[in-house]
Amino acid sequence: MTPTAAERGQETRARLIAAAGHLIVEEGWGAVTTRKLAARAGVRPGLVHYHFGTVTDLLIEASLEALEREVGIVMGLLAQAPPGPLGVELAVTGMAQYSADPASTILTSEMMLAATRNERLRTGLAAVQGKWLQAVAQWLNEHGLTVEPDATALVLGALLDGLVLHRLVDPELAVPVDGPLRRLVGLPEATNRPATP
């Protein structure tokens, strides 16, 4: 069956968003052009501006979508943790071991730098970060892990961001962080850690 015009439009948008993500990682935010986007996506250059007002609009959408996916991984980990102490143990262990792939880290770094100069991107980043902070603070509060769930969620987010960046610089970095992470969220030191699934 032949795709409809709407389906072709959605496919073109998806290809442009994917192309933008790849180009940001490979060349940097400021080096992405209409021609490069069109060539990577396999479409005519005019379609870039038909689907997105500007190249910047496309870069913002692609970046925020990628960030939503990365944040969704951690939020999914919390949502899937079984109830009770074992679930808390597994979630904290999973967070301690979390490491974004290098491409996602580079994309996020480029996006954060660009956000210093683009209010719309900064607002979008703040919205995604706010959802993450709210979900983590709620999870901490529901499990009675800290008397300051909002502040702890903020510090936990900064810690995970920092770990990902450090692992980008040195992929062999293998210092275990579950002890400090456990203390941060209010868990006692583990003597017998549960096996991770």
# chains A, B, ... in the order shown; residues from 1 in each chain; ligands from 1

$ select_by_dssp --residues "range 55-184 of chain A" --states "helix (DSSP H, G or I)" --output "PyMOL selection string"
chain A and resi 55-80+85-97+102-115+119-142+149-169+178-184

$ residues_around --residues "Gly28 in chain A" --least-positions-apart "4" --cutoff "12 Å" --atoms "only C-alpha atoms" --output "list in words"
Ala20, Gly21, His22, Leu23, Ile24, Val32, Thr33, Leu59, Ala103, Ile106, Leu107, Thr108, Ser109, Glu110, Met111, Met112, Leu113 and Ala114 of chain A

$ write_last_selection --atoms "C-alpha atoms" --output "PDB file, in the first residue's frame"
ATOM      1  CA  ALA A  20      20.330  16.164  13.010  1.00  0.00           C
ATOM      2  CA  GLY A  21      21.273  14.019  16.004  1.00  0.00           C
ATOM      3  CA  HIS A  22      24.038  12.277  14.076  1.00  0.00           C
ATOM      4  CA  LEU A  23      25.424  15.526  12.664  1.00  0.00           C
ATOM      5  CA  ILE A  24      25.473  17.277  16.039  1.00  0.00           C
ATOM      6  CA  VAL A  32      25.121  21.611  10.976  1.00  0.00           C
ATOM      7  CA  THR A  33      23.695  23.170   7.803  1.00  0.00           C
ATOM      8  CA  LEU A  59      18.427  20.820  16.167  1.00  0.00           C
ATOM      9  CA  ALA A 103      27.085   9.645  21.176  1.00  0.00           C
ATOM     10  CA  ILE A 106      28.304  14.256  23.133  1.00  0.00           C
ATOM     11  CA  LEU A 107      24.830  15.261  21.936  1.00  0.00           C
ATOM     12  CA  THR A 108      23.824  16.277  25.449  1.00  0.00           C
ATOM     13  CA  SER A 109      27.055  18.257  25.923  1.00  0.00           C
ATOM     14  CA  GLU A 110      26.526  20.102  22.624  1.00  0.00           C
ATOM     15  CA  MET A 111      22.924  20.786  23.574  1.00  0.00           C
ATOM     16  CA  MET A 112      23.858  22.200  26.976  1.00  0.00           C
ATOM     17  CA  LEU A 113      26.417  24.521  25.425  1.00  0.00           C
ATOM     18  CA  ALA A 114      23.908  25.672  22.797  1.00  0.00           C
TER      19      ALA A 114
END

$ closest_atom_pairs --of "range 22-78 of chain A" --to "range 127-131 of chain A" --cutoff "8 Å" --atoms "only C-alpha atoms" --output "CSV"
residue,atom,partner,partner_atom,distance
A:Leu64,CA,A:Val128,CA,7.9
A:Leu67,CA,A:Val128,CA,7.6
A:Glu68,CA,A:Val128,CA,6.6
A:Val71,CA,A:Val128,CA,7.8

$ residues_around --residues "range 175-179 of chain A" --least-positions-apart "5" --cutoff "12 Å" --atoms "only C-alpha atoms" --output "VMD selection string"
chain A and resid 89 to 98 156 159 to 160 162 to 163 166 to 167 170 184 to 191 193

$ write_last_selection --atoms "C-alpha atoms" --output "mmCIF file, in the first residue's frame"
data_model
loop_
_atom_site.group_PDB
_atom_site.id
_atom_site.type_symbol
_atom_site.label_atom_id
_atom_site.label_comp_id
_atom_site.auth_asym_id
_atom_site.auth_seq_id
_atom_site.Cartn_x
_atom_site.Cartn_y
_atom_site.Cartn_z
ATOM 1 C CA GLU A 89 18.648 -1.858 46.118
ATOM 2 C CA LEU A 90 18.238 -2.783 42.448
ATOM 3 C CA ALA A 91 17.345 0.775 41.389
ATOM 4 C CA VAL A 92 20.332 2.296 43.194
ATOM 5 C CA THR A 93 22.667 -0.359 41.798
ATOM 6 C CA GLY A 94 21.303 0.271 38.297
ATOM 7 C CA MET A 95 21.816 4.020 38.644
ATOM 8 C CA ALA A 96 25.382 3.466 39.872
ATOM 9 C CA GLN A 97 26.113 1.384 36.781
ATOM 10 C CA TYR A 98 24.297 3.635 34.296
ATOM 11 C CA LEU A 156 21.727 12.732 42.280
ATOM 12 C CA LEU A 159 26.180 13.158 40.097
ATOM 13 C CA LEU A 160 24.865 11.002 37.235
ATOM 14 C CA GLY A 162 29.112 14.067 36.034
ATOM 15 C CA LEU A 163 29.684 10.312 35.945
ATOM 16 C CA HIS A 166 33.822 11.422 33.241
ATOM 17 C CA ARG A 167 33.171 8.088 31.512
ATOM 18 C CA ASP A 170 37.843 8.002 30.183
ATOM 19 C CA LEU A 184 23.362 9.971 49.122
ATOM 20 C CA VAL A 185 19.878 8.457 48.934
ATOM 21 C CA GLY A 186 19.887 7.404 52.579
ATOM 22 C CA LEU A 187 20.535 3.668 52.322
ATOM 23 C CA PRO A 188 22.806 1.853 54.760
ATOM 24 C CA GLU A 189 26.072 0.379 53.498
ATOM 25 C CA ALA A 190 25.507 -2.928 51.745
ATOM 26 C CA THR A 191 27.292 -5.962 53.050
ATOM 27 C CA ARG A 193 24.588 -6.679 47.542
#

$ atom_distance --atom1 "CA of Thr56 in chain A" --atom2 "CA of Ala115 in chain A"
11.2 Å

$ atom_distance --atom1 "CA of Arg15 in chain A" --atom2 "CA of Arg122 in chain A"
24.2 Å

$ atom_distance --atom1 "CA of Ile60 in chain A" --atom2 "CA of Gly124 in chain A"
8.4 Å

$ residues_around --residues "range 44-52 of chain A" --least-positions-apart "2" --cutoff "10 Å" --atoms "only C-alpha atoms" --output "PyMOL selection string"
chain A and resi 9-10+12-13+16-17+33-39+41-42+54-59+61

$ write_last_selection --atoms "N, CA and C atoms" --output "short mmCIF file (atom, residue, chain, number, x, y, z; two decimals), in the first residue's frame"
data_model
loop_
_atom_site.label_atom_id
_atom_site.label_comp_id
_atom_site.auth_asym_id
_atom_site.auth_seq_id
_atom_site.Cartn_x
_atom_site.Cartn_y
_atom_site.Cartn_z
N GLY A 9 5.26 12.58 5.21
CA GLY A 9 5.74 13.74 5.97
C GLY A 9 6.32 13.33 7.31
N GLN A 10 5.65 12.40 8.00
CA GLN A 10 6.16 11.92 9.29
C GLN A 10 7.49 11.20 9.11
N THR A 12 9.68 11.73 6.70
CA THR A 12 10.70 12.75 6.40
C THR A 12 11.14 13.46 7.67
N ARG A 13 10.19 13.83 8.51
CA ARG A 13 10.53 14.49 9.79
C ARG A 13 11.42 13.58 10.63
N LEU A 16 14.90 13.51 9.23
CA LEU A 16 15.61 14.77 9.51
C LEU A 16 16.05 14.85 10.97
N ILE A 17 15.19 14.41 11.88
CA ILE A 17 15.54 14.43 13.31
C ILE A 17 16.72 13.49 13.57
N THR A 33 24.32 22.28 8.79
CA THR A 33 23.69 23.17 7.80
C THR A 33 22.51 22.48 7.14
N THR A 34 21.73 23.27 6.44
CA THR A 34 20.59 22.74 5.70
C THR A 34 21.04 21.66 4.72
N ARG A 35 22.08 21.95 3.98
CA ARG A 35 22.57 20.99 2.96
C ARG A 35 23.05 19.69 3.60
N LYS A 36 23.78 19.80 4.69
CA LYS A 36 24.27 18.59 5.37
C LYS A 36 23.11 17.76 5.91
N LEU A 37 22.12 18.44 6.48
CA LEU A 37 20.95 17.74 6.99
C LEU A 37 20.21 17.01 5.87
N ALA A 38 19.98 17.72 4.78
CA ALA A 38 19.25 17.13 3.65
C ALA A 38 20.02 15.95 3.08
N ALA A 39 21.32 16.10 2.92
CA ALA A 39 22.13 15.01 2.36
C ALA A 39 22.09 13.79 3.28
N ALA A 41 19.82 12.98 5.49
CA ALA A 41 18.47 12.41 5.55
C ALA A 41 18.00 11.87 4.20
N GLY A 42 18.72 12.23 3.13
CA GLY A 42 18.32 11.77 1.80
C GLY A 42 17.08 12.48 1.28
N THR A 54 13.60 26.55 10.91
CA THR A 54 15.02 26.83 10.76
C THR A 54 15.82 25.58 11.13
N VAL A 55 17.07 25.61 10.79
CA VAL A 55 17.96 24.51 11.19
C VAL A 55 18.00 24.44 12.72
N THR A 56 18.03 25.57 13.38
CA THR A 56 18.04 25.59 14.84
C THR A 56 16.80 24.92 15.41
N ASP A 57 15.64 25.18 14.81
CA ASP A 57 14.42 24.51 15.27
C ASP A 57 14.56 23.00 15.20
N LEU A 58 15.13 22.52 14.12
CA LEU A 58 15.34 21.08 13.95
C LEU A 58 16.34 20.55 14.98
N LEU A 59 17.43 21.26 15.19
CA LEU A 59 18.43 20.82 16.17
C LEU A 59 17.84 20.76 17.57
N GLU A 61 14.64 20.29 18.38
CA GLU A 61 13.71 19.16 18.48
C GLU A 61 14.47 17.84 18.58
#

$ residues_around --residues "Arg69 in chain A" --least-positions-apart "6" --cutoff "12 Å" --atoms "only C-alpha atoms" --output "CSV table (one decimal) with N, CA and C atoms, in the first residue's frame"
chain,number,residue,atom,x,y,z
A,62,ALA,N,15.5,17.7,17.8
A,62,ALA,CA,16.3,16.4,17.8
A,62,ALA,C,16.9,16.2,19.1
A,63,SER,N,17.5,17.3,19.7
A,63,SER,CA,18.2,17.2,20.9
A,63,SER,C,17.3,16.9,22.1
A,75,MET,N,14.1,6.9,34.4
A,75,MET,CA,12.8,6.9,35.0
A,75,MET,C,12.2,5.5,34.8
A,76,GLY,N,12.4,4.8,33.7
A,76,GLY,CA,12.0,3.4,33.6
A,76,GLY,C,12.6,2.5,34.6
A,100,ALA,N,25.6,6.4,29.8
A,100,ALA,CA,25.0,6.7,28.5
A,100,ALA,C,26.1,6.4,27.4
A,104,SER,N,25.3,9.8,22.8
A,104,SER,CA,24.3,10.5,23.6
A,104,SER,C,24.9,11.6,24.5
A,108,THR,N,24.3,15.5,24.3
A,108,THR,CA,23.8,16.3,25.4
A,108,THR,C,24.8,17.4,25.8
A,128,VAL,N,12.5,19.1,30.7
A,128,VAL,CA,12.9,17.7,30.8
A,128,VAL,C,13.6,17.4,32.1
A,132,TRP,N,12.3,14.9,35.3
A,132,TRP,CA,13.2,13.9,35.9
A,132,TRP,C,13.4,14.1,37.4

$ closest_residue --among "A:Leu168, A:Ala14, A:Leu181, A:Ala5" --to "Glu65 in chain A" --atoms "only C-alpha atoms"
A:Ala14
